[in-house]
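Structure data (JSON, C-alpha atoms) from entry03.json:
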[["chain", "number", "residue", "atom", "x", "y", "z"],
["A", 1, "MET", "CA", 7.75, 0.63, 5.39],
["A", 2, "THR", "CA", 4.03, 0.35, 4.71],
["A", 3, "VAL", "CA", 1.77, 3.17, 3.51],
["A", 4, "TYR", "CA", -1.56, 3.60, 5.28],
["A", 5, "PHE", "CA", -4.59, 5.79, 4.61],
["A", 6, "THR", "CA", -7.24, 7.08, 6.99],
["A", 7, "SER", "CA", -9.62, 9.98, 7.50],
["A", 8, "ASP", "CA", -12.13, 11.53, 9.85],
["A", 9, "THR", "CA", -10.74, 10.42, 13.19],
["A", 10, "HIS", "CA", -12.47, 13.42, 14.83],
["A", 11, "PHE", "CA", -10.40, 13.14, 18.02],
["A", 12, "GLY", "CA", -12.11, 15.05, 20.84],
["A", 13, "HIS", "CA", -15.43, 15.46, 18.99],
["A", 14, "ALA", "CA", -18.12, 14.31, 21.43],
["A", 15, "GLY", "CA", -20.82, 15.18, 18.89],
["A", 16, "ILE", "CA", -19.64, 12.35, 16.61],
["A", 17, "LEU", "CA", -21.19, 9.94, 19.15],
["A", 18, "ALA", "CA", -24.58, 11.67, 19.24],
["A", 19, "GLY", "CA", -27.77, 10.04, 18.02],
["A", 20, "ARG", "CA", -28.43, 13.07, 15.81],
["A", 21, "MET", "CA", -25.55, 11.93, 13.58],
["A", 22, "SER", "CA", -26.61, 9.78, 10.63],
["A", 23, "ARG", "CA", -24.08, 7.16, 11.75],
["A", 24, "PRO", "CA", -23.21, 7.76, 15.43],
["A", 25, "ARG", "CA", -20.04, 6.04, 16.55],
["A", 26, "PRO", "CA", -20.52, 3.14, 19.00],
["A", 27, "PHE", "CA", -18.56, 4.41, 21.98],
["A", 28, "ALA", "CA", -19.83, 5.35, 25.45],
["A", 29, "SER", "CA", -17.68, 8.50, 25.66],
["A", 30, "ILE", "CA", -15.30, 10.56, 23.57],
["A", 31, "GLU", "CA", -12.46, 9.37, 25.79],
["A", 32, "GLU", "CA", -13.30, 5.74, 24.97],
["A", 33, "HIS", "CA", -13.57, 6.70, 21.27],
["A", 34, "ASP", "CA", -10.20, 8.43, 21.22],
["A", 35, "GLU", "CA", -8.43, 5.61, 23.08],
["A", 36, "ALA", "CA", -9.97, 2.97, 20.77],
["A", 37, "LEU", "CA", -8.84, 4.85, 17.64],
["A", 38, "ILE", "CA", -5.34, 5.41, 19.05],
["A", 39, "ALA", "CA", -5.05, 1.70, 19.92],
["A", 40, "ALA", "CA", -6.35, 0.60, 16.50],
["A", 41, "TRP", "CA", -3.87, 2.96, 14.80],
["A", 42, "ASN", "CA", -0.88, 1.86, 16.86],
["A", 43, "ASN", "CA", -1.74, -1.83, 16.54],
["A", 44, "ARG", "CA", -1.12, -1.50, 12.78],
["A", 45, "ILE", "CA", 1.38, 1.30, 12.31],
["A", 46, "ARG", "CA", 5.07, 1.12, 13.08],
["A", 47, "PRO", "CA", 7.14, 4.26, 13.67],
["A", 48, "THR", "CA", 8.68, 4.03, 10.17],
["A", 49, "ASP", "CA", 5.36, 3.54, 8.34],
["A", 50, "THR", "CA", 3.75, 6.38, 6.39],
["A", 51, "VAL", "CA", 0.20, 7.49, 7.15],
["A", 52, "TRP", "CA", -1.85, 9.74, 4.89],
["A", 53, "HIS", "CA", -4.64, 11.32, 6.96],
["A", 54, "LEU", "CA", -7.30, 12.70, 4.61],
["A", 55, "GLY", "CA", -8.65, 15.32, 6.95],
["A", 56, "ASP", "CA", -10.72, 15.98, 10.05],
["A", 57, "PHE", "CA", -8.06, 14.81, 12.47],
["A", 58, "ALA", "CA", -9.74, 16.48, 15.47],
["A", 59, "TYR", "CA", -12.75, 18.63, 16.18],
["A", 60, "GLY", "CA", -13.56, 20.39, 19.42],
["A", 61, "ALA", "CA", -10.39, 19.19, 21.13],
["A", 62, "SER", "CA", -8.02, 21.68, 22.71],
["A", 63, "ALA", "CA", -4.66, 22.36, 21.09],
["A", 64, "ALA", "CA", -3.02, 20.52, 24.01],
["A", 65, "ARG", "CA", -5.25, 17.47, 23.49],
["A", 66, "CYS", "CA", -4.47, 17.49, 19.75],
["A", 67, "ARG", "CA", -0.74, 17.57, 20.50],
["A", 68, "GLU", "CA", -1.07, 14.78, 23.06],
["A", 69, "VAL", "CA", -3.01, 12.50, 20.68],
["A", 70, "PHE", "CA", -0.72, 13.28, 17.74],
["A", 71, "SER", "CA", 2.39, 12.47, 19.79],
["A", 72, "ARG", "CA", 0.98, 9.07, 20.71],
["A", 73, "LEU", "CA", 0.26, 8.01, 17.12],
["A", 74, "HIS", "CA", 2.94, 5.96, 15.35],
["A", 75, "GLY", "CA", 4.18, 6.70, 11.87],
["A", 76, "ILE", "CA", 5.29, 9.50, 9.59],
["A", 77, "LYS", "CA", 2.06, 11.45, 9.28],
["A", 78, "HIS", "CA", 0.91, 13.53, 6.29],
["A", 79, "LEU", "CA", -2.26, 15.63, 6.28],
["A", 80, "VAL", "CA", -4.65, 16.32, 3.43],
["A", 81, "ARG", "CA", -6.64, 19.10, 5.04],
["A", 82, "GLY", "CA", -10.33, 18.59, 5.81],
["A", 83, "ASN", "CA", -13.11, 21.03, 6.61],
["A", 84, "HIS", "CA", -12.66, 20.62, 10.40],
["A", 85, "ASP", "CA", -8.86, 20.97, 10.46],
["A", 86, "ALA", "CA", -8.45, 24.19, 12.42],
["A", 87, "GLN", "CA", -5.19, 25.77, 13.56],
["A", 88, "ARG", "CA", -4.92, 23.33, 16.47],
["A", 89, "THR", "CA", -4.55, 20.56, 13.86],
["A", 90, "LEU", "CA", -2.58, 22.55, 11.29],
["A", 91, "SER", "CA", 0.04, 23.51, 13.90],
["A", 92, "LEU", "CA", 0.93, 19.85, 14.57],
["A", 93, "PRO", "CA", 4.28, 18.58, 13.20],
["A", 94, "TRP", "CA", 2.91, 16.83, 10.10],
["A", 95, "ALA", "CA", 5.52, 15.63, 7.60],
["A", 96, "SER", "CA", 3.49, 17.56, 4.99],
["A", 97, "GLN", "CA", 0.17, 19.35, 4.61],
["A", 98, "GLN", "CA", -1.81, 19.98, 1.45],
["A", 99, "ASP", "CA", -5.36, 20.30, 0.13],
["A", 100, "ARG", "CA", -4.87, 17.42, -2.33],
["A", 101, "ALA", "CA", -2.05, 14.99, -2.99],
["A", 102, "GLN", "CA", -1.08, 12.49, -5.65],
["A", 103, "ILE", "CA", 1.09, 9.57, -4.55],
["A", 104, "SER", "CA", 2.07, 6.12, -5.75],
["A", 105, "ASP", "CA", 2.27, 2.99, -3.62],
["A", 106, "ARG", "CA", 2.96, -0.55, -4.81],
["A", 107, "GLY", "CA", 2.56, 0.49, -8.46],
["A", 108, "THR", "CA", -0.80, 2.20, -7.94],
["A", 109, "THR", "CA", -1.29, 5.95, -8.24],
["A", 110, "PHE", "CA", -3.79, 7.62, -5.93],
["A", 111, "VAL", "CA", -5.29, 11.10, -5.82],
["A", 112, "LEU", "CA", -6.00, 11.92, -2.15],
["A", 113, "ASP", "CA", -8.62, 14.48, -1.17],
["A", 114, "HIS", "CA", -10.82, 15.05, 1.85],
["A", 115, "TYR", "CA", -13.83, 15.19, -0.46],
["A", 116, "SER", "CA", -15.11, 12.65, -2.94],
["A", 117, "LEU", "CA", -14.58, 13.71, -6.54],
["A", 118, "ARG", "CA", -16.50, 12.72, -9.68],
["A", 119, "THR", "CA", -13.35, 13.02, -11.79],
["A", 120, "TRP", "CA", -9.69, 13.63, -10.94],
["A", 121, "HIS", "CA", -6.30, 13.91, -12.57],
["A", 122, "GLY", "CA", -5.57, 10.57, -14.24],
["A", 123, "SER", "CA", -9.02, 9.10, -13.58],
["A", 124, "HIS", "CA", -9.25, 7.91, -17.19],
["A", 125, "ARG", "CA", -5.75, 6.41, -17.06],
["A", 126, "GLY", "CA", -6.06, 4.16, -14.02],
["A", 127, "THR", "CA", -5.35, 6.63, -11.21],
["A", 128, "LEU", "CA", -7.52, 5.82, -8.19],
["A", 129, "HIS", "CA", -9.14, 8.28, -5.79],
["A", 130, "LEU", "CA", -9.28, 8.04, -1.98],
["A", 131, "TYR", "CA", -11.44, 10.35, 0.12],
["A", 132, "GLY", "CA", -13.05, 10.87, 3.51],
["A", 133, "HIS", "CA", -15.64, 13.38, 4.75],
["A", 134, "SER", "CA", -18.71, 11.23, 4.09],
["A", 135, "HIS", "CA", -18.30, 8.90, 7.09],
["A", 136, "GLY", "CA", -19.26, 5.88, 5.00],
["A", 137, "SER", "CA", -22.49, 7.40, 3.69],
["A", 138, "LEU", "CA", -21.22, 7.78, 0.11],
["A", 139, "PRO", "CA", -20.54, 4.42, -1.54],
["A", 140, "GLY", "CA", -17.31, 4.03, -3.43],
["A", 141, "THR", "CA", -16.95, 3.09, -7.08],
["A", 142, "ALA", "CA", -14.58, 0.76, -8.88],
["A", 143, "ALA", "CA", -12.00, 3.60, -8.84],
["A", 144, "SER", "CA", -12.85, 5.70, -5.78],
["A", 145, "LEU", "CA", -13.13, 4.76, -2.09],
["A", 146, "ASP", "CA", -13.83, 6.25, 1.36],
["A", 147, "VAL", "CA", -10.88, 5.53, 3.69],
["A", 148, "GLY", "CA", -12.49, 7.07, 6.77],
["A", 149, "VAL", "CA", -12.32, 5.19, 10.04],
["A", 150, "ASP", "CA", -16.10, 4.66, 9.91],
["A", 151, "CYS", "CA", -15.53, 2.28, 6.95],
["A", 152, "TRP", "CA", -12.46, 0.41, 8.24],
["A", 153, "ASP", "CA", -13.20, -0.73, 11.80],
["A", 154, "TRP", "CA", -11.77, 2.49, 13.28],
["A", 155, "ARG", "CA", -8.28, 1.95, 11.83],
["A", 156, "PRO", "CA", -6.07, 3.03, 8.92],
["A", 157, "THR", "CA", -6.10, 0.83, 5.82],
["A", 158, "THR", "CA", -3.49, -0.29, 3.28],
["A", 159, "THR", "CA", -3.19, -0.34, -0.50],
["A", 160, "PRO", "CA", -3.84, -4.12, -0.77],
["A", 161, "GLU", "CA", -7.00, -3.77, 1.35],
["A", 162, "ILE", "CA", -8.13, -0.82, -0.78],
["A", 163, "LEU", "CA", -7.48, -2.71, -4.03],
["A", 164, "GLU", "CA", -9.46, -5.68, -2.71],
["A", 165, "ALA", "CA", -12.43, -3.44, -1.82],
["A", 166, "LEU", "CA", -12.27, -1.72, -5.22],
["A", 167, "GLU", "CA", -12.18, -5.09, -6.98],
["A", 168, "LEU", "CA", -15.28, -6.21, -5.08],
["A", 169, "THR", "CA", -17.07, -3.00, -6.11],
["A", 170, "ARG", "CA", -15.90, -3.51, -9.72],
["A", 171, "ALA", "CA", -17.35, -7.05, -9.69],
["A", 172, "ILE", "CA", -20.66, -5.82, -8.26],
["A", 173, "GLU", "CA", -20.83, -3.05, -10.88],
["A", 174, "ALA", "CA", -20.03, -5.56, -13.65],
["A", 175, "GLY", "CA", -22.76, -7.87, -12.35],
["A", 176, "ARG", "CA", -25.32, -5.05, -12.39],
["A", 177, "ALA", "CA", -24.30, -4.14, -15.93],
["A", 178, "ALA", "CA", -24.65, -7.77, -17.02],
["A", 179, "VAL", "CA", -28.09, -8.05, -15.43],
["A", 180, "GLY", "CA", -29.13, -4.86, -17.22],
["A", 181, "THR", "CA", -27.88, -6.22, -20.55],
["A", 182, "LEU", "CA", -29.71, -9.52, -20.01],
["A", 183, "ALA", "CA", -32.91, -7.67, -19.08],
["A", 184, "GLU", "CA", -32.69, -5.57, -22.24],
["A", 185, "ALA", "CA", -32.14, -8.71, -24.36],
["A", 186, "ALA", "CA", -35.15, -10.48, -22.85]]
Just give me the structure of the file as structure tokens.
Amino acid sequence: MTVYFTSDTHFGHAGILAGRMSRPRPFASIEEHDEALIAAWNNRIRPTDTVWHLGDFAYGASAARCREVFSRLHGIKHLVRGNHDAQRTLSLPWASQQDRAQISDRGTTFVLDHYSLRTWHGSHRGTLHLYGHSHGSLPGTAASLDVGVDCWDWRPTTTPEILEALELTRAIEAGRAAVGTLAEAA
């Protein structure tokens, strides 16, 4: 069993494709969008895998459409509620629902929230933070990362992929700090 993380799928939300969005999604229609996200999800996730969805599962879709999409998605699905998760999403048969969660996978502890946090339980003891909501517009840090589909080629991501991205950010931050130190010394 593998644990996956994702956020902000926005199934049924035609507005997510509009040019007025800061980062419109590159699909010709909401039907194409939904089918691409379902295919990307199911190409990675097996029925016994666990998926943590960090909110905004659907927006503007009917309750019937939400049920139809949900039933097609592989995995044991948990929801960390987002600002667009209305009753049509909350009534789906999630394995669990909460506003925030703390889980461990492969020896790493994560705090999961729809929103990015500046500090979180365990942040000073190595606990990492995963979030959504920002659609890739809020850069991560060495300990906090956006797992929304906008950042991960429209698919859920895994702990090893997250740790690799965090390590890259950590290296970039360390490089900036070193440059700053060298500039001060000069």
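Nearest residue to Leu138 of chain A among A:Glu167, A:Arg81, A:His124, A:Tyr115 is A:Tyr115, counting all atoms listed in the file.
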Margin query: Quick check, in Å to one decimal: how far apart do atom CA of Gly136 of chain A and atom CA of Thr2 of chain A lie?
Written below: 23.9 Å
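Counting all atoms listed in the file and comparing A:Pro26, A:Pro160, A:Gly140, A:Gly132, the residue that lies closest to Trp52 of chain A is A:Gly132.
Comparing the minimum interatomic distances between Phe11 of chain A and each of A:Ala28, A:Ala101, A:Ala58, A:Ile38, counting only C-alpha atoms, we find that A:Ala58 sits nearest.
The neighbours of Trp41 of chain A here are the residues that come within 10 Å of it, using all atoms listed in the file and leaving out any residue fewer than 2 positions away in the same chain; they are Tyr4, Thr6, Glu35, Ala36, Leu37, Ile38, Ala39, Asn43, Arg44, Ile45, Arg46, Val51, Arg72, Leu73, His74, Gly75, Val149, Trp154, Arg155, Pro156 and Thr157 of chain A.
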Next item on the list: Compare A:Ile76, A:Ala18, A:Ala171, A:Leu54 by their minimum atom-to-atom distance to Leu130 of chain A, counting all atoms listed in the file, and give me the closest one.
Entry: A:Leu54
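Straight-line separation from atom CA of Cys66 of chain A to atom CA of Ser144 of chain A: 29.3 Å.
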Next item on the list: Please provide the set of residues having any atom within 8 Å of Thr109 of chain A, restricted to all atoms listed in the file, with same-chain residues fewer than 2 positions apart removed, written as a list in words.
Entry: Gln102, Ile103, Ser104, Asp105, Gly107, Val111, Gly126, Thr127 and Leu128 of chain A
